[in-house]
$ cat target_38.txt   # compact mmCIF, C-alpha atoms
# COMPACT_ATOMS: atom_id res chain seq x y z
CA MET A 14 -51.31 23.66 -59.15
CA ALA A 15 -50.48 20.44 -60.93
CA LEU A 16 -49.56 18.80 -57.61
CA ALA A 17 -52.86 19.87 -56.07
CA ALA A 18 -54.72 18.46 -59.05
CA VAL A 19 -53.04 15.09 -58.60
CA VAL A 20 -53.53 14.93 -54.84
CA PHE A 21 -57.05 16.36 -54.81
CA PRO A 22 -58.64 15.43 -58.14
CA GLY A 23 -62.05 16.76 -57.08
CA TRP A 24 -60.69 20.25 -56.36
CA TRP A 25 -60.69 21.43 -59.96
CA ALA A 26 -63.39 19.15 -61.41
CA GLY A 27 -66.30 20.66 -59.45
CA PRO A 28 -65.91 24.33 -60.45
CA TRP A 29 -65.18 23.41 -64.02
CA ARG A 30 -68.34 21.32 -64.29
CA GLN A 31 -70.36 24.09 -62.68
CA LEU A 32 -69.20 26.59 -65.27
CA GLY A 33 -69.84 23.99 -67.96
CA GLY A 34 -67.89 25.80 -70.57
CA ARG A 35 -64.51 26.59 -71.98
CA TRP A 36 -62.61 29.52 -73.41
CA ARG A 37 -62.44 29.65 -77.15
CA HIS A 38 -60.23 32.03 -79.07
CA ARG A 39 -62.29 34.16 -81.44
CA SER A 40 -59.84 36.84 -82.50
CA HIS A 41 -56.52 38.40 -81.56
CA ARG A 42 -58.42 41.22 -79.82
CA ARG A 43 -60.79 39.43 -77.48
CA LEU A 44 -61.79 36.16 -75.95
CA ARG A 45 -65.43 35.15 -75.96
CA TRP A 46 -67.14 32.76 -73.62
CA GLN A 47 -69.03 29.89 -75.27
CA ARG A 48 -70.80 27.13 -73.54
CA ALA A 49 -69.77 23.65 -74.41
CA PRO A 50 -72.25 21.67 -76.46
CA ALA A 51 -74.62 19.59 -74.49
CA GLN A 52 -73.47 16.07 -73.89
CA ALA A 53 -75.26 13.00 -72.86
CA PRO A 54 -75.20 12.54 -69.12
CA ARG A 55 -72.41 10.29 -67.99
CA PRO A 56 -73.50 7.10 -66.30
CA ARG A 57 -73.01 7.27 -62.57
CA LEU A 58 -70.65 4.77 -61.12
CA SER A 59 -71.89 2.32 -58.62
CA ASN A 60 -70.72 2.67 -55.09
CA SER A 61 -68.30 -0.21 -55.53
CA SER A 62 -66.80 1.28 -58.72
CA ALA A 63 -66.45 4.73 -57.19
CA GLY A 64 -64.83 3.29 -54.11
CA LEU A 65 -62.39 1.31 -56.25
CA ARG A 66 -61.32 4.40 -58.21
CA ALA A 67 -60.86 6.42 -55.05
CA SER A 68 -58.93 3.59 -53.43
CA TRP A 69 -56.18 3.63 -56.07
CA ARG A 70 -56.06 7.41 -56.36
CA ARG A 71 -55.18 7.94 -52.72
CA PRO A 72 -52.07 5.66 -52.66
CA VAL A 73 -50.81 7.09 -55.94
CA ALA A 74 -51.17 10.63 -54.66
CA THR A 75 -49.43 9.73 -51.43
CA ILE A 76 -46.52 8.13 -53.29
CA VAL A 77 -46.13 11.22 -55.48
CA VAL A 78 -46.07 13.55 -52.48
CA LEU A 79 -43.57 11.43 -50.58
CA ALA A 80 -41.34 10.95 -53.60
CA LEU A 81 -40.89 14.64 -54.35
CA PRO A 82 -38.50 15.40 -51.41
CA VAL A 83 -36.46 12.30 -52.19
CA VAL A 84 -36.11 13.29 -55.84
CA GLY A 85 -35.12 16.80 -54.82
CA VAL A 86 -32.41 15.63 -52.42
CA LEU A 87 -31.08 13.17 -54.99
CA ALA A 88 -30.87 15.87 -57.65
CA TRP A 89 -29.09 18.20 -55.21
CA SER A 90 -26.55 15.55 -54.21
CA LEU A 91 -25.75 14.67 -57.80
CA SER A 92 -25.35 18.28 -58.90
CA THR A 93 -22.18 18.82 -56.81
CA PRO A 94 -19.65 16.36 -55.32
CA ARG A 95 -20.27 16.06 -51.58
CA MET A 96 -18.18 14.64 -48.72
CA LEU A 97 -19.17 13.88 -45.16
CA GLU A 98 -17.41 15.95 -42.55
CA GLY A 99 -14.45 14.15 -41.03
CA PHE A 100 -13.96 11.79 -43.95
CA ASP A 101 -11.49 12.07 -46.79
CA ASP A 102 -10.98 9.56 -49.54
CA SER A 103 -7.58 10.94 -50.43
CA LEU A 104 -4.51 9.04 -49.24
CA THR A 105 -2.23 10.60 -46.65
CA ALA A 106 1.51 10.50 -47.11
CA SER A 107 1.90 7.53 -44.78
CA ASP A 108 -0.98 5.68 -46.47
CA GLU A 109 0.81 6.03 -49.79
CA ARG A 110 3.98 4.68 -48.25
CA VAL A 111 2.11 1.67 -46.86
CA ALA A 112 0.67 1.04 -50.33
CA GLN A 113 4.16 1.22 -51.80
CA LEU A 114 5.40 -1.18 -49.14
CA LEU A 115 2.68 -3.70 -49.92
CA ALA A 116 3.42 -3.25 -53.63
CA GLY A 117 6.97 -4.44 -53.11
CA GLU A 118 9.11 -1.39 -52.19
CA GLN A 119 12.13 -2.64 -50.23
CA LEU A 120 13.45 -0.31 -47.53
CA VAL A 121 17.04 -0.63 -46.34
CA PRO A 122 18.05 -0.64 -42.64
CA PRO A 123 20.03 2.38 -41.45
CA PRO A 124 23.79 2.05 -40.82
CA PRO A 125 24.53 0.52 -37.40
CA LEU A 126 25.64 2.79 -34.58
CA PRO A 127 28.98 2.29 -32.84
CA PRO A 128 28.79 -0.39 -30.10
CA ASP A 129 29.82 2.03 -27.34
CA VAL A 130 26.57 3.97 -27.84
CA PHE A 131 24.76 1.07 -26.15
CA THR A 132 27.15 0.66 -23.22
CA THR A 133 26.99 4.00 -21.42
CA ALA A 134 26.04 4.16 -17.73
CA GLU A 135 22.81 5.99 -18.54
CA VAL A 136 21.75 3.32 -21.01
CA GLU A 137 22.59 0.54 -18.55
CA ILE A 138 20.31 2.12 -15.96
CA GLU A 139 17.42 2.43 -18.37
CA ARG A 140 17.93 -0.87 -20.21
CA PRO A 141 19.98 -3.51 -18.32
CA MET A 142 21.90 -6.01 -20.46
CA LEU A 143 21.31 -3.99 -23.60
CA ALA A 144 24.93 -4.37 -24.69
CA LEU A 145 24.26 -8.09 -25.34
CA ALA A 146 21.08 -7.53 -27.34
CA ASP A 147 20.79 -8.74 -30.93
CA ARG A 148 20.38 -5.85 -33.38
CA ARG A 149 20.71 -7.78 -36.64
CA TRP A 150 17.87 -6.85 -38.96
CA GLU A 151 18.27 -10.05 -40.98
CA GLN A 152 17.35 -12.11 -37.90
CA MET A 153 13.82 -10.74 -37.91
CA ASP A 154 10.81 -11.56 -40.08
CA PRO A 155 11.29 -9.80 -43.46
CA GLU A 156 7.72 -8.44 -43.59
CA PHE A 157 8.00 -7.11 -40.06
CA VAL A 158 11.34 -5.51 -40.94
CA GLN A 159 9.74 -3.60 -43.80
CA ARG A 160 6.93 -2.31 -41.61
CA LEU A 161 9.38 -1.22 -38.92
CA LEU A 162 11.64 0.50 -41.45
CA LEU A 163 8.59 2.32 -42.75
CA VAL A 164 7.95 3.56 -39.21
CA PHE A 165 11.55 4.80 -39.02
CA LYS A 166 11.16 6.60 -42.34
CA ILE A 167 7.91 8.33 -41.39
CA MET A 168 9.29 9.35 -38.00
CA LYS A 169 12.26 11.00 -39.69
CA GLU A 170 10.45 12.68 -42.57
CA GLU A 171 7.26 13.78 -40.80
CA HIS A 172 8.39 14.31 -37.20
CA GLY A 173 12.16 14.82 -37.33
CA TYR A 174 13.09 11.88 -35.05
CA ASP A 175 16.02 9.60 -35.85
CA MET A 176 15.32 6.12 -34.54
CA VAL A 177 17.50 3.15 -33.73
CA LEU A 178 16.87 -0.53 -33.14
CA LEU A 179 17.78 -1.52 -29.57
CA GLU A 180 16.86 -5.19 -29.82
CA GLY A 181 15.13 -7.37 -32.37
CA TRP A 182 15.32 -11.16 -32.29
CA ARG A 183 15.82 -12.53 -28.78
CA SER A 184 16.81 -16.07 -27.87
CA PRO A 185 14.69 -18.09 -25.41
CA GLU A 186 17.63 -18.17 -23.02
CA ARG A 187 17.99 -14.40 -22.99
CA GLN A 188 14.24 -14.05 -22.55
CA ASN A 189 14.38 -16.13 -19.38
CA LEU A 190 17.36 -14.14 -18.09
CA LEU A 191 15.48 -10.88 -18.53
CA ALA A 192 12.32 -12.31 -16.94
CA ALA A 193 14.39 -13.36 -13.92
CA ARG A 194 15.31 -9.72 -13.27
CA GLY A 195 11.71 -8.94 -12.41
CA ALA A 196 8.42 -7.73 -13.84
CA ASN A 197 9.88 -4.24 -14.30
CA VAL A 198 12.04 -5.70 -17.09
CA THR A 199 9.64 -8.21 -18.68
CA MET A 200 6.87 -10.55 -17.62
CA ALA A 201 7.26 -12.91 -20.59
CA THR A 202 9.36 -16.04 -20.36
CA ALA A 203 10.76 -18.10 -23.23
CA TRP A 204 8.45 -18.44 -26.24
CA GLN A 205 5.92 -16.07 -24.67
CA SER A 206 7.39 -13.07 -26.46
CA TYR A 207 7.20 -12.11 -30.11
CA HIS A 208 10.95 -11.43 -29.91
CA GLN A 209 11.61 -15.18 -30.18
CA TRP A 210 9.82 -15.19 -33.52
CA GLY A 211 11.54 -12.15 -34.95
CA LEU A 212 8.27 -10.22 -34.86
CA ALA A 213 9.07 -7.67 -32.13
CA ALA A 214 11.52 -4.82 -31.68
CA ASP A 215 12.55 -2.38 -28.99
CA CYS A 216 13.46 1.02 -30.37
CA ALA A 217 14.61 4.43 -29.14
CA PHE A 218 15.84 7.78 -30.46
CA VAL A 219 19.21 9.17 -31.43
CA ARG A 220 19.97 12.84 -30.86
CA GLN A 221 23.35 14.38 -31.61
CA GLY A 222 24.93 10.95 -31.72
CA LYS A 223 23.62 9.89 -28.29
CA LEU A 224 21.00 7.29 -27.46
CA VAL A 225 17.90 8.77 -25.80
CA ILE A 226 15.82 6.21 -23.90
CA SER A 227 14.68 8.05 -20.78
CA GLU A 228 10.92 8.42 -20.44
CA ARG A 229 11.39 11.40 -18.13
CA GLU A 230 12.47 13.70 -20.93
CA PRO A 231 9.60 15.61 -22.65
CA TRP A 232 11.28 15.42 -26.05
CA ALA A 233 11.55 11.63 -25.80
CA MET A 234 8.01 11.27 -24.47
CA GLU A 235 6.63 13.23 -27.42
CA GLY A 236 8.68 11.00 -29.70
CA TYR A 237 7.28 7.84 -28.13
CA ARG A 238 3.74 9.15 -28.57
CA ARG A 239 4.29 9.84 -32.26
CA TYR A 240 6.14 6.55 -32.62
CA GLY A 241 3.15 4.65 -31.26
CA GLU A 242 0.75 6.44 -33.59
CA VAL A 243 2.88 5.74 -36.65
CA ALA A 244 3.43 2.10 -35.69
CA GLU A 245 -0.30 1.54 -35.36
CA ARG A 246 -0.89 3.21 -38.71
CA VAL A 247 1.21 0.53 -40.41
CA GLY A 248 -0.46 -2.35 -38.57
CA LEU A 249 1.87 -2.88 -35.61
CA THR A 250 0.97 -3.25 -31.93
CA TRP A 251 2.51 -0.65 -29.63
CA GLY A 252 3.53 -1.51 -26.09
CA GLY A 253 2.65 1.98 -24.90
CA ARG A 254 -1.01 0.95 -24.64
CA TRP A 255 -0.38 -1.98 -22.32
CA GLN A 256 -1.15 -1.91 -18.61
CA MET A 257 2.58 -2.27 -17.98
CA THR A 258 3.73 0.17 -20.63
CA ASP A 259 6.72 -0.53 -22.85
CA LEU A 260 6.95 2.63 -24.93
CA GLY A 261 9.77 1.52 -27.20
CA HIS A 262 8.28 -1.89 -27.99
CA VAL A 263 6.35 -2.75 -31.16
CA GLU A 264 5.33 -6.13 -32.48
CA TRP A 265 3.56 -7.57 -35.48
CA ARG A 266 0.93 -10.14 -34.60
CA LYS A 267 1.31 -12.04 -37.79
CA PRO A 268 -1.63 -14.32 -38.62
CA GLY A 269 -1.07 -17.85 -37.37
CA ILE A 270 1.79 -17.01 -35.02
CA ARG A 271 -0.27 -17.37 -31.85
CA GLU A 272 -0.88 -21.04 -32.58
CA ALA A 273 2.85 -21.55 -33.11
CA MET A 274 3.63 -19.81 -29.82
CA ARG A 275 1.11 -21.96 -27.97
CA ALA A 276 2.57 -25.15 -29.46
CA ALA A 277 6.12 -24.09 -28.57
CA ARG A 278 5.20 -23.45 -24.94
CA GLN A 279 3.62 -26.88 -24.64
CA THR A 280 6.70 -28.64 -26.04
CA PRO A 281 8.81 -30.06 -23.16

$ encode --input "target_38.txt" --output "structure tokens"
Amino acid sequence: MALAAVVFPGWWAGPWRQLGGRWRHRSHRRLRWQRAPAQAPRPRLSNSSAGLRASWRRPVATIVVLALPVVGVLAWSLSTPRMLEGFDDSLTASDERVAQLLAGEQLVPPPPLPPDVFTTAEVEIERPMLALADRRWEQMDPEFVQRLLLVFKIMKEEHGYDMVLLEGWRSPERQNLLAARGANVTMATAWQSYHQWGLAADCAFVRQGKLVISEREPWAMEGYRRYGEVAERVGLTWGGRWQMTDLGHVEWRKPGIREAMRAARQTP
């Protein structure tokens, strides 16, 4: 009723003027009709004045009508906490670990495996020259090491996979030797790989004391998939998304390193 009176001010004024009266309480038993005392006729507005009054009433009424749904939705949203579907502002377990890492938590590399684990015939077929690879964690970038150790920790605690570092830092000479074996080993020559900067690592899985590298085993393939997801969650680049896939490879594209790589390749 009140809304109609605001939007259509002439709706109630006409009938009321025609009746020309009001209700007045005479007793607790009955109501008696009494005409309002005669009043001097109101001066009629000129056409310009009437048009001006009507011109501001219409926008005001329109604003009121349009504002009501907005006010209602706002009141509804504030009455109860809401969350869009598919979004969650709570931290996952891995997010909390990343926050701890950035806050200064220092993870420790796992104990090294016996050297003969990396020299079996199966390993040599899958990864030639792996026995000569550098697996010293201290040779790699400290920030990258912490991110990679965080990947190892999440893979163990959330997915049950024990991981091992196959190769970290790689000398330019070794990089060229591997590139000479063909594109199926690597396409990067010296200073074209993040290994030379201590910002890349090749990793695999350990099961019952044996190194598992083969990509033909379903268990290992599922591990590589989860490994890639976890690595990307902590800001690393996974080689499994490349055109020439390298499932065990991750690297950290540290800001500013590309310029250093470009300068090193141009140095004679």

$ axis_aligned_box --input "target_38.txt" --around "segment 219-226 of chain A" --padding-each-side "5 Å" --output "lines of an AutoDock Vina configuration file"
center_x = 20.4
center_y = 10.3
center_z = -27.8
size_x = 19.1
size_y = 18.2
size_z = 17.8

$ closest_residue --input "target_38.txt" --among "A:Leu190, A:Ala144, A:Ala217, A:Leu162" --to "Leu178 of chain A" --atoms "only C-alpha atoms"
A:Ala217

$ closest_residue --input "target_38.txt" --among "A:Asp175, A:Glu151, A:Glu156, A:Glu170" --to "Lys223 of chain A" --atoms "only C-alpha atoms"
A:Asp175

$ closest_residue --input "target_38.txt" --among "A:Leu161, A:Glu171, A:Ala201, A:Gln209" --to "Arg183 of chain A" --atoms "all atoms listed in the file"
A:Gln209

$ atom_distance --input "target_38.txt" --atom1 "atom CA of Trp182 of chain A" --atom2 "atom CA of Ala233 of chain A"
24.0 Å

$ atom_distance --input "target_38.txt" --atom1 "atom CA of Val158 of chain A" --atom2 "atom CA of Ile226 of chain A"
21.2 Å

$ residues_around --input "target_38.txt" --residues "Met274 of chain A" --least-positions-apart "2" --cutoff "12 Å" --atoms "all atoms listed in the file" --output "PyMOL selection string"
chain A and resi 202-210+212+266-272+276-280

$ atom_distance --input "target_38.txt" --atom1 "atom CA of Val121 of chain A" --atom2 "atom CA of Val164 of chain A"
12.3 Å

$ closest_residue --input "target_38.txt" --among "A:Leu145, A:Phe218, A:Met168, A:Ala116" --to "Ser184 of chain A" --atoms "only C-alpha atoms"
A:Leu145
